[in-house]
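Written below as structure tokens is the structure these notes are about.
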Amino acid sequence: MSERILTCIGCPMGCTLTATIENGTVTAVTGNTCRRGDDYARKECVAPERTVTGTVRLTGGALPVLSVRTAAPVPKDKVAEVARAMGRIHVTAPVQLGDVIDPSICGTGVALIATRSA
């Protein structure tokens, strides 16, 4: 059995959570003031994910780059790979807010989308 201390990001409270882990499974979570804290700790300890934001190169727009993000969280161990892939992407204006830039960034099954029009 082990314990992991986390700061919850599920709501603005920022509760300090203690997750008890046995055989790779979270068996208890304490310190949370809402259900989101329990859900967050269980997910973070077993299969952490992150939404990735950044920019890609843009031709023909007012700015040289276009802001983008993943449409859903990707596995935490893929974040650096996704960021590197964004550095290799080049799009041409016009682009609309929400346009899919890559339908499955790095084979994650998660789309990379534009966060503004250009």
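Ordered as shown in the structure tokens, chains take letters A, B, and onward, while each chain numbers its residues from 1 and ligands are numbered from 1 in the order shown.
With only C-alpha atoms taken into account, the protein and nucleic acid residues at most 10 Å from Gly87 (chain A) (excluding it and anything under 2 positions from it in its own chain) are Gly54, Thr55, Val56, Arg57, Val82, Ala83, Arg84, Ala85, Ile89 and His90 of chain A.
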Excluding Pro103 (chain A) and residues on its chain fewer than 5 positions from it, collect all residues at most 10 Å away from it, counting only C-alpha atoms, and give them as a tab-separated table (two decimals) with N, CA, C and O atoms, in the first residue's frame.
chain	number	residue	atom	x	y	z
A	70	THR	N	-5.80	20.40	-28.00
A	70	THR	CA	-6.40	19.10	-28.23
A	70	THR	C	-7.88	19.20	-27.84
A	70	THR	O	-8.23	19.89	-26.88
A	71	ALA	N	-8.74	18.52	-28.59
A	71	ALA	CA	-10.18	18.59	-28.35
A	71	ALA	C	-10.57	17.87	-27.06
A	71	ALA	O	-11.66	18.10	-26.54
A	108	THR	N	-3.41	9.45	-31.18
A	108	THR	CA	-4.11	9.37	-29.90
A	108	THR	C	-5.62	9.19	-30.05
A	108	THR	O	-6.30	8.86	-29.09
A	109	GLY	N	-6.13	9.46	-31.25
A	109	GLY	CA	-7.58	9.47	-31.45
A	109	GLY	C	-8.21	10.78	-31.03
A	109	GLY	O	-9.42	10.93	-31.08
A	110	VAL	N	-7.39	11.75	-30.63
A	110	VAL	CA	-7.87	13.05	-30.19
A	110	VAL	C	-7.50	14.08	-31.26
A	110	VAL	O	-6.35	14.15	-31.70
A	111	ALA	N	-8.49	14.89	-31.65
A	111	ALA	CA	-8.27	15.90	-32.69
A	111	ALA	C	-7.52	17.10	-32.12
A	111	ALA	O	-7.67	17.46	-30.95
A	112	LEU	N	-6.72	17.72	-32.98
A	112	LEU	CA	-6.09	19.00	-32.69
A	112	LEU	C	-6.95	20.04	-33.39
A	112	LEU	O	-7.19	19.94	-34.60
A	113	ILE	N	-7.45	21.04	-32.63
A	113	ILE	CA	-8.37	22.01	-33.22
A	113	ILE	C	-7.86	23.44	-33.07
A	113	ILE	O	-7.09	23.75	-32.15
Q: Find the residues around region 5-19 of chain A up to 7 Å (only C-alpha atoms counted), leave out those fewer than 6 positions away in its own chain, and share them as JSON, numbers by chain.
A: {"A": [26, 28, 29, 30, 31, 32, 36, 37, 40, 41]}
Please produce a file of the residues just selected, as a PDB file, in the first residue's frame, where the atoms kept are N, CA and C atoms.
ATOM      1  N   VAL A  26      -6.647   2.664  -6.914  1.00  0.00           N
ATOM      2  CA  VAL A  26      -6.939   3.614  -5.847  1.00  0.00           C
ATOM      3  C   VAL A  26      -8.080   3.044  -5.022  1.00  0.00           C
ATOM      4  N   ALA A  28      -8.942   4.412  -1.824  1.00  0.00           N
ATOM      5  CA  ALA A  28      -9.576   5.445  -1.017  1.00  0.00           C
ATOM      6  C   ALA A  28      -9.008   6.804  -1.380  1.00  0.00           C
ATOM      7  N   VAL A  29      -9.858   7.824  -1.273  1.00  0.00           N
ATOM      8  CA  VAL A  29      -9.445   9.212  -1.473  1.00  0.00           C
ATOM      9  C   VAL A  29     -10.009  10.015  -0.313  1.00  0.00           C
ATOM     10  N   THR A  30      -9.152  10.810   0.324  1.00  0.00           N
ATOM     11  CA  THR A  30      -9.604  11.681   1.409  1.00  0.00           C
ATOM     12  C   THR A  30      -9.148  13.101   1.131  1.00  0.00           C
ATOM     13  N   GLY A  31      -9.802  14.056   1.792  1.00  0.00           N
ATOM     14  CA  GLY A  31      -9.438  15.466   1.664  1.00  0.00           C
ATOM     15  C   GLY A  31     -10.286  16.230   0.669  1.00  0.00           C
ATOM     16  N   ASN A  32     -11.064  15.522  -0.131  1.00  0.00           N
ATOM     17  CA  ASN A  32     -11.886  16.204  -1.129  1.00  0.00           C
ATOM     18  C   ASN A  32     -13.169  16.741  -0.504  1.00  0.00           C
ATOM     19  N   ARG A  36     -15.901  15.689  -7.519  1.00  0.00           N
ATOM     20  CA  ARG A  36     -14.878  15.868  -8.557  1.00  0.00           C
ATOM     21  C   ARG A  36     -13.480  15.557  -8.043  1.00  0.00           C
ATOM     22  N   GLY A  37     -13.225  15.835  -6.773  1.00  0.00           N
ATOM     23  CA  GLY A  37     -11.922  15.533  -6.182  1.00  0.00           C
ATOM     24  C   GLY A  37     -11.642  14.046  -6.159  1.00  0.00           C
ATOM     25  N   TYR A  40     -11.044  12.964  -9.775  1.00  0.00           N
ATOM     26  CA  TYR A  40      -9.742  13.436 -10.239  1.00  0.00           C
ATOM     27  C   TYR A  40      -8.608  12.572  -9.685  1.00  0.00           C
ATOM     28  N   ALA A  41      -8.610  12.319  -8.387  1.00  0.00           N
ATOM     29  CA  ALA A  41      -7.532  11.543  -7.768  1.00  0.00           C
ATOM     30  C   ALA A  41      -7.454  10.135  -8.343  1.00  0.00           C
TER      31      ALA A  41
END
Q.
Could you list, as an MDAnalysis selection string, every residue within 10 Å of Thr25 (chain A), counting only C-alpha atoms and ignoring same-chain residues fewer than 2 positions away?
A. chainID A and resid 1 19:23 27:28 42 45:46
Those same residues - all heavy atoms - I'd like them written as a PDB file, in the first residue's frame.
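Once written, out-v3.pdb looks like this:
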ATOM      1  N   MET A   1       0.834  -1.170   0.000  1.00  0.00           N
ATOM      2  CA  MET A   1       0.000   0.000   0.000  1.00  0.00           C
ATOM      3  C   MET A   1       0.888   1.247   0.000  1.00  0.00           C
ATOM      4  O   MET A   1       1.903   1.313   0.664  1.00  0.00           O
ATOM      5  CB  MET A   1      -0.894   0.001   1.245  1.00  0.00           C
ATOM      6  CG  MET A   1      -1.759   1.226   1.335  1.00  0.00           C
ATOM      7  SD  MET A   1      -2.875   1.219   2.742  1.00  0.00           S
ATOM      8  CE  MET A   1      -1.786   1.771   4.024  1.00  0.00           C
ATOM      9  N   ALA A  19      -4.548   9.977  -1.810  1.00  0.00           N
ATOM     10  CA  ALA A  19      -5.057   8.774  -2.469  1.00  0.00           C
ATOM     11  C   ALA A  19      -4.291   7.572  -1.940  1.00  0.00           C
ATOM     12  O   ALA A  19      -3.058   7.570  -1.912  1.00  0.00           O
ATOM     13  CB  ALA A  19      -4.884   8.881  -3.980  1.00  0.00           C
ATOM     14  N   THR A  20      -5.021   6.552  -1.529  1.00  0.00           N
ATOM     15  CA  THR A  20      -4.428   5.302  -1.081  1.00  0.00           C
ATOM     16  C   THR A  20      -4.449   4.345  -2.257  1.00  0.00           C
ATOM     17  O   THR A  20      -5.500   4.115  -2.862  1.00  0.00           O
ATOM     18  CB  THR A  20      -5.214   4.705   0.099  1.00  0.00           C
ATOM     19  OG1 THR A  20      -5.271   5.694   1.139  1.00  0.00           O
ATOM     20  CG2 THR A  20      -4.563   3.446   0.618  1.00  0.00           C
ATOM     21  N   ILE A  21      -3.269   3.785  -2.586  1.00  0.00           N
ATOM     22  CA  ILE A  21      -3.127   2.926  -3.758  1.00  0.00           C
ATOM     23  C   ILE A  21      -2.677   1.541  -3.315  1.00  0.00           C
ATOM     24  O   ILE A  21      -1.680   1.408  -2.600  1.00  0.00           O
ATOM     25  CB  ILE A  21      -2.110   3.517  -4.757  1.00  0.00           C
ATOM     26  CG1 ILE A  21      -2.523   4.950  -5.126  1.00  0.00           C
ATOM     27  CG2 ILE A  21      -1.979   2.644  -5.989  1.00  0.00           C
ATOM     28  CD1 ILE A  21      -1.434   5.759  -5.775  1.00  0.00           C
ATOM     29  N   GLU A  22      -3.424   0.533  -3.738  1.00  0.00           N
ATOM     30  CA  GLU A  22      -3.079  -0.856  -3.454  1.00  0.00           C
ATOM     31  C   GLU A  22      -3.130  -1.645  -4.754  1.00  0.00           C
ATOM     32  O   GLU A  22      -4.138  -1.625  -5.456  1.00  0.00           O
ATOM     33  CB  GLU A  22      -4.060  -1.450  -2.438  1.00  0.00           C
ATOM     34  CG  GLU A  22      -3.968  -0.817  -1.068  1.00  0.00           C
ATOM     35  CD  GLU A  22      -4.936  -1.442  -0.075  1.00  0.00           C
ATOM     36  OE1 GLU A  22      -5.185  -2.654  -0.169  1.00  0.00           O
ATOM     37  OE2 GLU A  22      -5.432  -0.706   0.787  1.00  0.00           O
ATOM     38  N   ASN A  23      -2.033  -2.314  -5.094  1.00  0.00           N
ATOM     39  CA  ASN A  23      -1.952  -3.136  -6.295  1.00  0.00           C
ATOM     40  C   ASN A  23      -2.373  -2.382  -7.554  1.00  0.00           C
ATOM     41  O   ASN A  23      -3.099  -2.894  -8.400  1.00  0.00           O
ATOM     42  CB  ASN A  23      -2.801  -4.404  -6.145  1.00  0.00           C
ATOM     43  CG  ASN A  23      -2.335  -5.257  -4.996  1.00  0.00           C
ATOM     44  OD1 ASN A  23      -1.129  -5.390  -4.755  1.00  0.00           O
ATOM     45  ND2 ASN A  23      -3.269  -5.813  -4.257  1.00  0.00           N
ATOM     46  N   THR A  27      -7.811   2.805  -3.744  1.00  0.00           N
ATOM     47  CA  THR A  27      -8.823   2.211  -2.874  1.00  0.00           C
ATOM     48  C   THR A  27      -9.539   3.233  -2.008  1.00  0.00           C
ATOM     49  O   THR A  27     -10.632   2.956  -1.512  1.00  0.00           O
ATOM     50  CB  THR A  27      -8.200   1.136  -1.962  1.00  0.00           C
ATOM     51  OG1 THR A  27      -7.142   1.738  -1.203  1.00  0.00           O
ATOM     52  CG2 THR A  27      -7.653  -0.021  -2.785  1.00  0.00           C
ATOM     53  N   ALA A  28      -8.942   4.412  -1.824  1.00  0.00           N
ATOM     54  CA  ALA A  28      -9.576   5.445  -1.017  1.00  0.00           C
ATOM     55  C   ALA A  28      -9.008   6.804  -1.380  1.00  0.00           C
ATOM     56  O   ALA A  28      -7.838   6.922  -1.751  1.00  0.00           O
ATOM     57  CB  ALA A  28      -9.355   5.184   0.467  1.00  0.00           C
ATOM     58  N   ARG A  42      -8.595   9.498  -8.515  1.00  0.00           N
ATOM     59  CA  ARG A  42      -8.601   8.132  -9.058  1.00  0.00           C
ATOM     60  C   ARG A  42      -8.042   8.108 -10.481  1.00  0.00           C
ATOM     61  O   ARG A  42      -7.247   7.226 -10.823  1.00  0.00           O
ATOM     62  CB  ARG A  42     -10.013   7.551  -8.996  1.00  0.00           C
ATOM     63  CG  ARG A  42     -10.448   7.268  -7.575  1.00  0.00           C
ATOM     64  CD  ARG A  42     -11.881   6.784  -7.462  1.00  0.00           C
ATOM     65  NE  ARG A  42     -12.291   6.749  -6.065  1.00  0.00           N
ATOM     66  CZ  ARG A  42     -12.001   5.763  -5.227  1.00  0.00           C
ATOM     67  NH1 ARG A  42     -11.324   4.712  -5.647  1.00  0.00           N
ATOM     68  NH2 ARG A  42     -12.394   5.814  -3.965  1.00  0.00           N
ATOM     69  N   CYS A  45      -4.059   9.089 -10.567  1.00  0.00           N
ATOM     70  CA  CYS A  45      -3.144   8.079 -10.046  1.00  0.00           C
ATOM     71  C   CYS A  45      -3.014   6.864 -10.965  1.00  0.00           C
ATOM     72  O   CYS A  45      -2.014   6.150 -10.904  1.00  0.00           O
ATOM     73  CB  CYS A  45      -3.598   7.622  -8.659  1.00  0.00           C
ATOM     74  SG  CYS A  45      -3.364   8.875  -7.397  1.00  0.00           S
ATOM     75  N   VAL A  46      -3.998   6.614 -11.794  1.00  0.00           N
ATOM     76  CA  VAL A  46      -4.002   5.412 -12.626  1.00  0.00           C
ATOM     77  C   VAL A  46      -3.718   5.713 -14.096  1.00  0.00           C
ATOM     78  O   VAL A  46      -2.918   5.033 -14.730  1.00  0.00           O
ATOM     79  CB  VAL A  46      -5.351   4.662 -12.482  1.00  0.00           C
ATOM     80  CG1 VAL A  46      -5.404   3.451 -13.388  1.00  0.00           C
ATOM     81  CG2 VAL A  46      -5.567   4.251 -11.034  1.00  0.00           C
TER      82      VAL A  46
END
Residues of region 6-42 of chain A in strand (DSSP E) according to DSSP, as a compact mmCIF listing (two decimals) with all heavy atoms, in the first residue's frame?
# COMPACT_ATOMS: atom_id res chain seq x y z
N LEU A 6 -2.04 14.84 -3.64
CA LEU A 6 -2.33 15.60 -4.85
C LEU A 6 -3.04 16.89 -4.50
O LEU A 6 -3.73 16.96 -3.48
CB LEU A 6 -3.27 14.80 -5.77
CG LEU A 6 -2.86 13.40 -6.18
CD1 LEU A 6 -4.07 12.59 -6.59
CD2 LEU A 6 -1.89 13.50 -7.33
N THR A 7 -2.92 17.88 -5.35
CA THR A 7 -3.74 19.08 -5.25
C THR A 7 -4.80 18.97 -6.34
O THR A 7 -4.46 18.87 -7.52
CB THR A 7 -2.92 20.36 -5.44
OG1 THR A 7 -1.92 20.41 -4.42
CG2 THR A 7 -3.79 21.60 -5.36
N THR A 16 -6.37 19.53 -0.95
CA THR A 16 -5.24 18.61 -0.85
C THR A 16 -5.81 17.22 -0.64
O THR A 16 -6.50 16.95 0.33
CB THR A 16 -4.33 19.00 0.32
OG1 THR A 16 -3.83 20.31 0.09
CG2 THR A 16 -3.16 18.03 0.45
N LEU A 17 -5.54 16.34 -1.59
CA LEU A 17 -6.10 15.00 -1.59
C LEU A 17 -5.04 13.98 -1.20
O LEU A 17 -3.87 14.14 -1.54
CB LEU A 17 -6.62 14.63 -2.98
CG LEU A 17 -7.55 15.62 -3.67
CD1 LEU A 17 -7.85 15.16 -5.09
CD2 LEU A 17 -8.82 15.79 -2.87
N THR A 18 -5.46 12.94 -0.53
CA THR A 18 -4.60 11.80 -0.24
C THR A 18 -5.25 10.59 -0.87
O THR A 18 -6.38 10.23 -0.52
CB THR A 18 -4.42 11.59 1.27
OG1 THR A 18 -3.87 12.78 1.84
CG2 THR A 18 -3.49 10.42 1.55
N ALA A 19 -4.55 9.98 -1.81
CA ALA A 19 -5.06 8.77 -2.47
C ALA A 19 -4.29 7.57 -1.94
O ALA A 19 -3.06 7.57 -1.91
CB ALA A 19 -4.88 8.88 -3.98
N THR A 20 -5.02 6.55 -1.53
CA THR A 20 -4.43 5.30 -1.08
C THR A 20 -4.45 4.34 -2.26
O THR A 20 -5.50 4.11 -2.86
CB THR A 20 -5.21 4.71 0.10
OG1 THR A 20 -5.27 5.69 1.14
CG2 THR A 20 -4.56 3.45 0.62
N ILE A 21 -3.27 3.78 -2.59
CA ILE A 21 -3.13 2.93 -3.76
C ILE A 21 -2.68 1.54 -3.32
O ILE A 21 -1.68 1.41 -2.60
CB ILE A 21 -2.11 3.52 -4.76
CG1 ILE A 21 -2.52 4.95 -5.13
CG2 ILE A 21 -1.98 2.64 -5.99
CD1 ILE A 21 -1.43 5.76 -5.77
N GLU A 22 -3.42 0.53 -3.74
CA GLU A 22 -3.08 -0.86 -3.45
C GLU A 22 -3.13 -1.64 -4.75
O GLU A 22 -4.14 -1.62 -5.46
CB GLU A 22 -4.06 -1.45 -2.44
CG GLU A 22 -3.97 -0.82 -1.07
CD GLU A 22 -4.94 -1.44 -0.08
OE1 GLU A 22 -5.18 -2.65 -0.17
OE2 GLU A 22 -5.43 -0.71 0.79
N THR A 25 -4.41 0.10 -7.86
CA THR A 25 -5.79 0.60 -7.83
C THR A 25 -5.95 1.57 -6.67
O THR A 25 -5.46 1.31 -5.57
CB THR A 25 -6.78 -0.58 -7.65
OG1 THR A 25 -6.59 -1.50 -8.72
CG2 THR A 25 -8.21 -0.10 -7.65
N VAL A 26 -6.65 2.66 -6.91
CA VAL A 26 -6.94 3.61 -5.85
C VAL A 26 -8.08 3.04 -5.02
O VAL A 26 -9.17 2.80 -5.53
CB VAL A 26 -7.31 5.00 -6.41
CG1 VAL A 26 -7.68 5.95 -5.29
CG2 VAL A 26 -6.16 5.57 -7.23
N THR A 27 -7.81 2.80 -3.74
CA THR A 27 -8.82 2.21 -2.87
C THR A 27 -9.54 3.23 -2.01
O THR A 27 -10.63 2.96 -1.51
CB THR A 27 -8.20 1.14 -1.96
OG1 THR A 27 -7.14 1.74 -1.20
CG2 THR A 27 -7.65 -0.02 -2.78
N ALA A 28 -8.94 4.41 -1.82
CA ALA A 28 -9.58 5.45 -1.02
C ALA A 28 -9.01 6.80 -1.38
O ALA A 28 -7.84 6.92 -1.75
CB ALA A 28 -9.35 5.18 0.47
N VAL A 29 -9.86 7.82 -1.27
CA VAL A 29 -9.44 9.21 -1.47
C VAL A 29 -10.01 10.01 -0.31
O VAL A 29 -11.19 9.92 0.01
CB VAL A 29 -9.98 9.77 -2.81
CG1 VAL A 29 -9.61 11.25 -2.95
CG2 VAL A 29 -9.44 8.98 -3.99
N THR A 30 -9.15 10.81 0.32
CA THR A 30 -9.60 11.68 1.41
C THR A 30 -9.15 13.10 1.13
O THR A 30 -8.22 13.32 0.35
CB THR A 30 -9.05 11.22 2.77
OG1 THR A 30 -7.61 11.23 2.72
CG2 THR A 30 -9.53 9.84 3.13
Q. Which residues come within 10 Å of Gly98 (chain A), counting only C-alpha atoms, excluding same-chain residues fewer than 3 positions away, as number ranges by chain?
A. A: 68-69, 71, 95, 101, 112-117
Q) Which of these, A:Arg50, A:Ala118, A:Val79, A:Ser104, has the shortest distance to Leu66 (chain A) once you count only C-alpha atoms? A)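 Result for the nearest residue to Leu66 (chain A): A:Ala118.
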Q | Nearest to Thr53 (chain A), chosen from A:Val65, A:Cys34, A:Met86, A:Val100, with only C-alpha atoms counted in the distances | A | A:Met86
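Of the residues in region 3-118 of chain A, those that DSSP places in alpha helix (DSSP H) on the basis of the backbone are Arg35, Arg36, Gly37, Asp38, Asp39, Tyr40, Ala41, Arg42, Lys43, Glu44, Cys45, Val46, Val79, Ala80, Glu81, Val82, Ala83, Arg84, Ala85, Met86, Gly87 and Arg88 of chain A.
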Could the residues in this selection be saved with N, CA and C atoms as a short mmCIF file (atom, residue, chain, number, x, y, z; two decimals), in the first residue's frame?
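Produced file part_21.cif, reproduced below:
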data_model
loop_
_atom_site.label_atom_id
_atom_site.label_comp_id
_atom_site.auth_asym_id
_atom_site.auth_seq_id
_atom_site.Cartn_x
_atom_site.Cartn_y
_atom_site.Cartn_z
N ARG A 35 -17.33 15.62 -5.16
CA ARG A 35 -17.17 14.37 -5.91
C ARG A 35 -16.06 14.49 -6.97
N ARG A 36 -15.90 15.69 -7.52
CA ARG A 36 -14.88 15.87 -8.56
C ARG A 36 -13.48 15.56 -8.04
N GLY A 37 -13.23 15.84 -6.77
CA GLY A 37 -11.92 15.53 -6.18
C GLY A 37 -11.64 14.05 -6.16
N ASP A 38 -12.64 13.26 -5.78
CA ASP A 38 -12.50 11.81 -5.77
C ASP A 38 -12.24 11.30 -7.19
N ASP A 39 -13.03 11.77 -8.14
CA ASP A 39 -12.86 11.35 -9.54
C ASP A 39 -11.47 11.72 -10.06
N TYR A 40 -11.04 12.96 -9.78
CA TYR A 40 -9.74 13.44 -10.24
C TYR A 40 -8.61 12.57 -9.68
N ALA A 41 -8.61 12.32 -8.39
CA ALA A 41 -7.53 11.54 -7.77
C ALA A 41 -7.45 10.13 -8.34
N ARG A 42 -8.60 9.50 -8.51
CA ARG A 42 -8.60 8.13 -9.06
C ARG A 42 -8.04 8.11 -10.48
N LYS A 43 -8.42 9.06 -11.30
CA LYS A 43 -7.94 9.12 -12.68
C LYS A 43 -6.44 9.49 -12.72
N GLU A 44 -6.07 10.49 -11.94
CA GLU A 44 -4.69 10.98 -11.96
C GLU A 44 -3.68 9.92 -11.50
N CYS A 45 -4.06 9.09 -10.57
CA CYS A 45 -3.14 8.08 -10.05
C CYS A 45 -3.01 6.86 -10.96
N VAL A 46 -4.00 6.61 -11.79
CA VAL A 46 -4.00 5.41 -12.63
C VAL A 46 -3.72 5.71 -14.10
N VAL A 79 2.16 13.91 -23.99
CA VAL A 79 2.15 15.37 -24.07
C VAL A 79 3.36 15.91 -24.83
N ALA A 80 4.56 15.47 -24.52
CA ALA A 80 5.76 15.97 -25.20
C ALA A 80 5.74 15.61 -26.68
N GLU A 81 5.29 14.41 -27.00
CA GLU A 81 5.20 13.99 -28.40
C GLU A 81 4.20 14.86 -29.17
N VAL A 82 3.07 15.16 -28.55
CA VAL A 82 2.06 16.02 -29.17
C VAL A 82 2.64 17.42 -29.39
N ALA A 83 3.35 17.95 -28.40
CA ALA A 83 3.96 19.28 -28.53
C ALA A 83 4.97 19.32 -29.67
N ARG A 84 5.78 18.28 -29.78
CA ARG A 84 6.75 18.21 -30.89
C ARG A 84 6.03 18.15 -32.23
N ALA A 85 4.96 17.38 -32.30
CA ALA A 85 4.19 17.26 -33.54
C ALA A 85 3.59 18.61 -33.94
N MET A 86 3.14 19.39 -32.97
CA MET A 86 2.60 20.72 -33.27
C MET A 86 3.66 21.59 -33.95
N GLY A 87 4.90 21.42 -33.54
CA GLY A 87 5.99 22.19 -34.13
C GLY A 87 6.26 21.86 -35.58
N ARG A 88 5.77 20.71 -36.04
CA ARG A 88 5.97 20.30 -37.44
C ARG A 88 4.77 20.62 -38.33
#
Q) What is the distance between CA of Ile105 (chain A) and CA of Ala62 (chain A), in Å to one decimal? A)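 CA of Ala62 (chain A) lies at a distance of 25.2 Å from CA of Ile105 (chain A).
Comparing the minimum interatomic distances between Leu63 (chain A) and each of A:Asp77, A:Glu49, A:Ala93, A:Ser2, counting only C-alpha atoms, we find that A:Ala93 sits nearest.
Picture a line from CA of Thr59 (chain A) to CA of Thr92 (chain A); it runs 4.7 Å.
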